[in-house]
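Report on one structure; see the data block that follows.
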Amino acid sequence: MITILTQQLQFPDPLQAGENGLLAMGGDLSQERLLLAYTQGIFPWYNPGEPICWYAPPERCVLFPQNIRVSKSMQHILKKNTFEITCNKSFEQVIEMCSSKPRQGQQGSWITPEMKQAYIQLHKAGYAKSVEVWQQKKIVGGLYGVEMKNVFCGESMFSDVANASKAALVWLCRQGKYVCIDCQLPTPHLKSMGAETMPAEKYVRLLKGWLS
């Protein structure tokens, strides 16, 4: 059963989500609601013109930094310093580029103007972070997400040149700052780099411990 949110700042138990992960609809994208969602393993995901939808997938895709797979070719690219990598240098540009890239099987972007503004405000408050990948002084890849203590909740990534988003993810994992990168939903790209899935019940239990 999908919960319709009111102005009251609360979510249902994330383990009550349906088979497709949809847990609730409505509410807003205020900083307080977004942070509450992430502490419970819930994230917003919806198309333009639709009500805000909140998800907690039955199978969670996560990447433990110590398990990241870096191919020999990727190691070579990193050793050559093919890219310059920065953090939080151009958050607004990263989220804009993530929103403008076409995605296979999707029409348009789920990163609506409302979503952009919400995460820009989270960034200004110190919660949302970006990783930028530069080549010849131009951003060619990157990612952004929400930092909850020692957990990085990834939201989106993009590449304009081969291996740019991979470089961003490797850099993030090598900072020694996070016990887990929450990737939300699995993709072949993420799995090839060492991401794995776990039952929602296990993820929610681990998340509670990590954030306590």
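Note on naming: chains are A, B, ... as they come in the structure tokens, residues start from 1 per chain, ligands start from 1 in the order shown.
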I'd like to know which residues of segment 11-144 of chain A are strand (DSSP E) (by DSSP, run on the backbone); could you write them as a VMD selection string? chain A and resid 22 to 26 43 to 44 53 to 55 59 to 63 84 to 87 128 to 135 138 to 144
Find the residues near segment 81-86 of chain A: any atom within 6 Å, counting only C-alpha atoms, skip ones fewer than 2 places away on the same chain, and give them as a VMD selection string. chain A and resid 77 to 79 131 to 135
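Among the candidates A:Gly18, A:Gly142, A:Pro65, A:Pro186, the residue lying nearest to Ser90 of chain A is A:Gly142 (atoms considered: only C-alpha atoms).
When only C-alpha atoms are used to measure the gap to Pro188 of chain A, the shortest distance among A:Ala200, A:Val70, A:Ile95, A:Cys61 belongs to A:Cys61.
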Within 9 Å of Lys129 of chain A, counting only C-alpha atoms, which residues show up once you throw out same-chain ones fewer than 5 positions away? Write them as a PDB file with C-alpha atoms, in the first residue's frame, please.
```pdb
ATOM      1  CA  CYS A  87      35.393  17.846  -5.120  1.00  0.00           C
ATOM      2  CA  ASN A  88      32.641  20.448  -4.697  1.00  0.00           C
ATOM      3  CA  PHE A  91      28.263  21.290  -7.983  1.00  0.00           C
ATOM      4  CA  LEU A 122      21.446  20.659   0.213  1.00  0.00           C
ATOM      5  CA  HIS A 123      24.868  21.408  -1.239  1.00  0.00           C
ATOM      6  CA  LEU A 143      28.848  12.562  -9.992  1.00  0.00           C
ATOM      7  CA  TYR A 144      26.856  13.977  -7.118  1.00  0.00           C
ATOM      8  CA  GLY A 145      25.073  12.662  -4.065  1.00  0.00           C
ATOM      9  CA  VAL A 146      24.277  13.216  -0.419  1.00  0.00           C
ATOM     10  CA  GLU A 147      26.786  12.653   2.364  1.00  0.00           C
ATOM     11  CA  PHE A 152      27.663   8.542   0.438  1.00  0.00           C
TER      12      PHE A 152
END
```
Nearby residues (only C-alpha atoms) at most 9 Å from segment 6-14 of chain A, same-chain spacing under 5 positions excluded, as a PyMOL selection string: chain A and resi 21+23-24+26-28+32-33+36-37+40-42+55-57+200-201+204
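Across A:Val62, A:Ile111, A:Ala164, A:Leu169, the tightest approach to Lys202 of chain A is made by A:Val62 when counting only C-alpha atoms.
Counting only C-alpha atoms, the residue from A:Leu206, A:Leu63, A:Leu211, A:Met74 that sits nearest to Gly154 of chain A is A:Leu63.
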Mind checking which residues fall within 7 Å of Asn150 of chain A, counting only C-alpha atoms, ignoring those fewer than 2 positions away in the same chain, and posting them as a VMD selection string? chain A and resid 148 152 177 to 179 210
One residue among A:Cys53, A:Ala162, A:Ile2, A:Val151 is nearest to Tyr38 of chain A when using only C-alpha atoms, and that residue is A:Val151
